[in-house]
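Below you'll find the structure, written out as structure tokens, and then a few comments.
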Amino acid sequence: MKLMIESKWMMSLLKNTYVCCKPNLSKVLAYSVALLIVSNAVWAEKPNIVLLFADDAGFADFGFQGSSESITPNLDKLASEGVRCTAAYVTSSVCGPSRAGLITGKYQQRFGFEENNVPKAMSNAGLVGEEMGLPLDQKTIANYLQEQQYRSALFGKWHLGGADRYHPLKRGFNEFYGFRDGSRSFYAYNLAKNPDPMKRMERGFENYAEHEGYLTDVLAEEACAFITRNKDTPFFVFLSFNAVHTPMHALKKDLAMFPDVEGKRKIQLAMGLAMDRACGKILDQLELLGLSENTLVIFTNDNGGPTDANASLNDPLSGIKGTQLEGGIRVPFIMRWPSRIPAASVYEYPVSMLDLLPTFLDAAGADVSGIEGLDGTSLIPYLSGERSDRPHQTLFWRWGVRAAIRDGDWKLIRYPDRQAELYDLSKDISEVDNLAVSHPGKVDELYKKLFQWELTLTRPLWQLKRSTEEKNMRRYDAYRQSPKLDTDL
């Protein structure tokens, strides 16, 4: 059984030891040293946790994912040292809801965070502006890890509420350096022209000051400094990049690395190179401080790449960000933990961002069985080889009328303007061969299972304008592998 020693308990024990052994100071010293040794052993059992989180990256835009264009040596090395999950899913095809599911370990529709929180695009049929945020009755990964004596920090993009009550420092994080909104410039703003505090860089709470240099590099430097300050205690770093989200900003030195590429694609590759360099800085700092062996590192992404916005690629998947085709919800995923996870391994069963919270708590030695309402599960026994079954038989997605369900290898997609589609992902990850007509019984079965899940959800707390639905259906049609649409059925 893992020991749990809190600082207050240790101080009390040392005080009592001093009172009992006051006549013999050598005994006091001996007991103190023994307690410090035990304390260090206990802390050593708790791994540090680093979550490297990309924004709008494409499924195919990394060397470890098979890209011949991308330059990502640090992440490629990370993949060779850990496990690469080939069927990792986010809980939403857009970033706000996706982050809400990740940070709570619950389907975000259970607490009304179903749609993206984009202030300029909202309907008046719910909360608007800064009021759209992660409900205060929902605990975060940082809240739970704080209870396990972790120091937690968030660097970069928040996007879980602009109002002060939603601030990261009020949601379990000890430190914050980033911005509250969903996107911003990679260079310092001219504050006379960009007064919006939601997009400004903020250190702690309301200490606004723009950064110097390129933001992707700055976030890595800040994360490295936090790791160094907290190297002797368990820490959780959530490095939430805004790369490679728009605006398309890249350094000249990075652009020069892609002389044969033009336009948005060139900029996207340069932004990805900068993000890989930033991840490398974190990994190097862990190695320099002797922390690599006892640090669980995950790299993943918040949703599928928006090919139309930033020229990211999701091959061989159909679809892009905003769709529930695989290209909108399946993302790159690496996990490295040298003491528990086999190196250079590949895991093919579906995993979800819902699993990060229970995985992190399991690694920290906490009992997650008593946490009510979790939809995720710890991945440690699966990725370490202790269990051979699936972490999830069924996964769900919903955004208004549009919804999807994956049950085993079968996937059903429900649309607002056409008949449902059915795919066997074990044979067709590109979602080319629609089997809905030939397997009507499976369509009915999954429709009913999806509906039963929907009955457990609450109403959205805010909603985007209806025109968003038309845009998303155009994305379905424009970015899929098959030219055949199911309006033919």
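By convention in this document, the chains of the structure tokens carry letters A, B, ... by their order, each chain's residues are numbered from 1, and ligands are numbered from 1 in the order they are shown.
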
Discussion item. Neighbouring residues of range 396-410 of chain A were defined as those with any atom within 8 Å, considering only C-alpha atoms; residues of the same chain fewer than 4 positions away were excluded. Please report them as a PyMOL selection string.
Written reply: chain A and resi 91-92+109+114-115+324+414-416+422-426+446+450

Discussion item. I'd like the neighbourhood of range 57-63 of chain A as a PyMOL selection string, where a residue qualifies if any of its atoms comes within 6 Å (using only C-alpha atoms), though same-chain residues fewer than 5 positions away should be ignored.
Written reply: chain A and resi 70+72+76+244+304-305+312-315+331-332

Requested write-out: N, CA and C atoms of the selected residues, as an mmCIF file, in the first residue's frame:
```
data_model
loop_
_atom_site.group_PDB
_atom_site.id
_atom_site.type_symbol
_atom_site.label_atom_id
_atom_site.label_comp_id
_atom_site.auth_asym_id
_atom_site.auth_seq_id
_atom_site.Cartn_x
_atom_site.Cartn_y
_atom_site.Cartn_z
ATOM 1 N N SER A 70 6.563 16.973 -42.294
ATOM 2 C CA SER A 70 6.733 17.592 -40.976
ATOM 3 C C SER A 70 8.118 17.313 -40.404
ATOM 4 N N THR A 72 9.488 16.947 -36.841
ATOM 5 C CA THR A 72 9.110 16.832 -35.428
ATOM 6 C C THR A 72 10.018 15.838 -34.704
ATOM 7 N N ASP A 76 8.896 12.708 -32.241
ATOM 8 C CA ASP A 76 9.180 11.385 -32.797
ATOM 9 C C ASP A 76 9.976 10.548 -31.791
ATOM 10 N N VAL A 244 -1.235 24.667 -33.409
ATOM 11 C CA VAL A 244 -1.026 25.436 -34.610
ATOM 12 C C VAL A 244 -2.316 26.134 -35.059
ATOM 13 N N GLY A 304 -9.573 17.438 -34.312
ATOM 14 C CA GLY A 304 -8.976 17.214 -35.618
ATOM 15 C C GLY A 304 -8.514 18.509 -36.258
ATOM 16 N N GLY A 305 -7.611 18.391 -37.210
ATOM 17 C CA GLY A 305 -7.075 19.563 -37.876
ATOM 18 C C GLY A 305 -8.100 20.235 -38.782
ATOM 19 N N SER A 312 -3.791 22.030 -42.214
ATOM 20 C CA SER A 312 -3.394 20.783 -41.560
ATOM 21 C C SER A 312 -3.957 19.597 -42.339
ATOM 22 N N LEU A 313 -3.364 18.423 -42.131
ATOM 23 C CA LEU A 313 -3.797 17.218 -42.839
ATOM 24 C C LEU A 313 -4.193 16.140 -41.846
ATOM 25 N N ASN A 314 -5.293 15.446 -42.151
ATOM 26 C CA ASN A 314 -5.781 14.375 -41.283
ATOM 27 C C ASN A 314 -5.722 13.004 -41.944
ATOM 28 N N ASP A 315 -4.988 12.878 -43.035
ATOM 29 C CA ASP A 315 -4.906 11.602 -43.755
ATOM 30 C C ASP A 315 -4.487 10.465 -42.822
ATOM 31 N N VAL A 331 -7.225 11.797 -32.807
ATOM 32 C CA VAL A 331 -6.058 12.674 -32.690
ATOM 33 C C VAL A 331 -4.788 11.879 -32.389
ATOM 34 N N PRO A 332 -3.621 12.465 -32.674
ATOM 35 C CA PRO A 332 -2.353 11.828 -32.272
ATOM 36 C C PRO A 332 -2.276 11.720 -30.753
#
```

Worksheet item: Per DSSP on the backbone, what are the helix (DSSP H, G or I) residues of range 156-340 of chain A, as a ChimeraX atom specification?
Response: /A:164-166,168-170,215-229,252-255,263-288,292-294,307-310,326-329

Worksheet item: Using only C-alpha atoms, which residues sit within 10 Å of range 265-277 of chain A once same-chain residues fewer than 5 positions away are excluded, as JSON, numbers by chain?
Response: {"A": [52, 53, 54, 57, 58, 61, 62, 69, 70, 71, 72, 73, 74, 75, 76, 214, 215, 216, 217, 219, 220, 241, 242, 243, 244, 245, 246, 248, 249, 250, 251, 252, 253, 254, 255, 256, 257, 258, 259, 260, 282, 283, 307, 310, 311, 312, 313]}

Check which residues of range 222-326 of chain A sit at most 6 Å from range 335-355 of chain A using only C-alpha atoms, and return one row each with the closest pair of atoms and their distance in Å to one decimal, ordered by chain and rising number, as JSON lines.
```
{"residue": "A:Glu293", "atom": "CA", "partner": "A:Pro338", "partner_atom": "CA", "distance": 5.5}
{"residue": "A:Leu296", "atom": "CA", "partner": "A:Trp337", "partner_atom": "CA", "distance": 4.6}
{"residue": "A:Val297", "atom": "CA", "partner": "A:Arg336", "partner_atom": "CA", "distance": 5.2}
{"residue": "A:Ile298", "atom": "CA", "partner": "A:Met335", "partner_atom": "CA", "distance": 4.5}
```

Practice prompt. Step one, run DSSP on the backbone; step two, keep only residues of range 43-254 of chain A assigned to strand (DSSP E); then write them as a PyMOL selection string.
Written response: chain A and resi 48-54+83-85+88-89+151-157+175-179+202-203+207-208+235-240

Residue selection dump (C-alpha atoms) as a PDB file, in the first residue's frame:
```pdb
ATOM      1  CA  ASN A  48       5.401  14.165 -12.080  1.00  0.00           C
ATOM      2  CA  ILE A  49       2.853  14.672 -14.858  1.00  0.00           C
ATOM      3  CA  VAL A  50       3.340  16.743 -18.009  1.00  0.00           C
ATOM      4  CA  LEU A  51       0.547  17.187 -20.548  1.00  0.00           C
ATOM      5  CA  LEU A  52       1.734  18.673 -23.853  1.00  0.00           C
ATOM      6  CA  PHE A  53      -1.439  19.748 -25.632  1.00  0.00           C
ATOM      7  CA  ALA A  54      -1.520  20.971 -29.236  1.00  0.00           C
ATOM      8  CA  VAL A  83       3.377   4.114 -26.470  1.00  0.00           C
ATOM      9  CA  ARG A  84       1.583   5.564 -29.472  1.00  0.00           C
ATOM     10  CA  CYS A  85      -2.187   5.166 -29.372  1.00  0.00           C
ATOM     11  CA  ALA A  88      -7.236   8.202 -29.450  1.00  0.00           C
ATOM     12  CA  TYR A  89     -10.392  10.287 -29.367  1.00  0.00           C
ATOM     13  CA  ARG A 151       1.764  21.663  -7.562  1.00  0.00           C
ATOM     14  CA  SER A 152      -0.136  22.404 -10.759  1.00  0.00           C
ATOM     15  CA  ALA A 153       0.413  25.005 -13.462  1.00  0.00           C
ATOM     16  CA  LEU A 154      -1.341  25.916 -16.688  1.00  0.00           C
ATOM     17  CA  PHE A 155       0.611  27.592 -19.462  1.00  0.00           C
ATOM     18  CA  GLY A 156      -1.120  28.939 -22.564  1.00  0.00           C
ATOM     19  CA  LYS A 157      -4.725  28.603 -23.691  1.00  0.00           C
ATOM     20  CA  GLU A 175       0.150  28.986 -11.247  1.00  0.00           C
ATOM     21  CA  PHE A 176      -1.127  30.371 -14.539  1.00  0.00           C
ATOM     22  CA  TYR A 177       0.601  32.130 -17.401  1.00  0.00           C
ATOM     23  CA  GLY A 178      -1.490  32.380 -20.511  1.00  0.00           C
ATOM     24  CA  PHE A 179      -4.727  33.793 -21.891  1.00  0.00           C
ATOM     25  CA  GLU A 202      -1.911  37.131 -17.898  1.00  0.00           C
ATOM     26  CA  ARG A 203       0.428  36.025 -15.124  1.00  0.00           C
ATOM     27  CA  ASN A 207      -1.449  40.681 -13.893  1.00  0.00           C
ATOM     28  CA  TYR A 208      -1.574  41.521 -17.588  1.00  0.00           C
ATOM     29  CA  PHE A 235       4.060  18.619 -10.132  1.00  0.00           C
ATOM     30  CA  PHE A 236       1.490  18.725 -12.914  1.00  0.00           C
ATOM     31  CA  VAL A 237       2.247  20.860 -15.967  1.00  0.00           C
ATOM     32  CA  PHE A 238      -0.541  21.491 -18.469  1.00  0.00           C
ATOM     33  CA  LEU A 239       1.242  23.115 -21.409  1.00  0.00           C
ATOM     34  CA  SER A 240      -1.721  24.180 -23.514  1.00  0.00           C
TER      35      SER A 240
END
```

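Closest to Ala79 in chain A among A:Gly112, A:His167, A:Phe333, A:Leu374 is A:Phe333, based on only C-alpha atoms.
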
Worksheet item: What separation in Å, quoted to one decimal, exists between CA of Glu372 in chain A and CA of His392 in chain A?
Response: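 Here the two named atoms are 17.8 Å from each other.
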
Practice prompt. Pick out the closest residue to Met473 in chain A from this set: A:Asp417, A:Asp181, A:Glu445, A:Asp367. Count only C-alpha atoms.
Written response: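 Answer, going by the shortest atom-to-atom distance: A:Asp417.
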
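Minimum atom-to-atom distance to Asp137 in chain A, evaluated using only C-alpha atoms, belongs to A:Arg165 out of A:Val443, A:Leu457, A:Cys95, A:Arg165.
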
Worksheet item: Of the residues A:Asn230, A:Thr86, A:Asn143, A:Ser185, which is the one nearest to Ile334 in chain A, using only C-alpha atoms?
Response: A:Thr86

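If only C-alpha atoms are the atoms counted, then among A:Asn174, A:Ser430, A:Thr377, A:Thr228 the closest residue to Leu288 in chain A is A:Thr228.
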
Worksheet item: Which is closer to Leu361 in chain A than all the others in A:Leu383, A:Leu145, A:Leu461, A:Leu169, using only C-alpha atoms?
Response: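 Of A:Leu383, A:Leu145, A:Leu461, A:Leu169, the one nearest Leu361 in chain A, counting only C-alpha atoms, is A:Leu145.
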
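Put simply, CA of Arg387 in chain A is 25.2 Å away from CA of Ile329 in chain A.
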
With only C-alpha atoms as the counted atoms, please give the residues lying no more than 10 Å from Pro135 in chain A, apart from itself and same-chain residues fewer than 3 positions off, as a CSV table (one decimal) with C-alpha atoms, in the first residue's frame.
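Final output, out_19.csv:
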```
chain,number,residue,atom,x,y,z
A,100,ALA,CA,-14.1,20.5,-20.8
A,111,PHE,CA,-23.0,19.6,-17.4
A,112,GLY,CA,-24.1,21.7,-20.3
A,113,PHE,CA,-20.8,22.5,-22.0
A,131,GLU,CA,-20.5,33.9,-18.7
A,132,MET,CA,-19.9,30.8,-20.8
A,138,GLN,CA,-17.3,20.5,-11.7
A,139,LYS,CA,-13.9,19.5,-10.3
A,160,LEU,CA,-13.0,27.3,-20.2
A,161,GLY,CA,-14.6,30.6,-19.2
A,165,ARG,CA,-14.9,32.9,-11.2
A,166,TYR,CA,-13.8,30.4,-14.0
A,461,LEU,CA,-26.0,26.1,-21.2
```
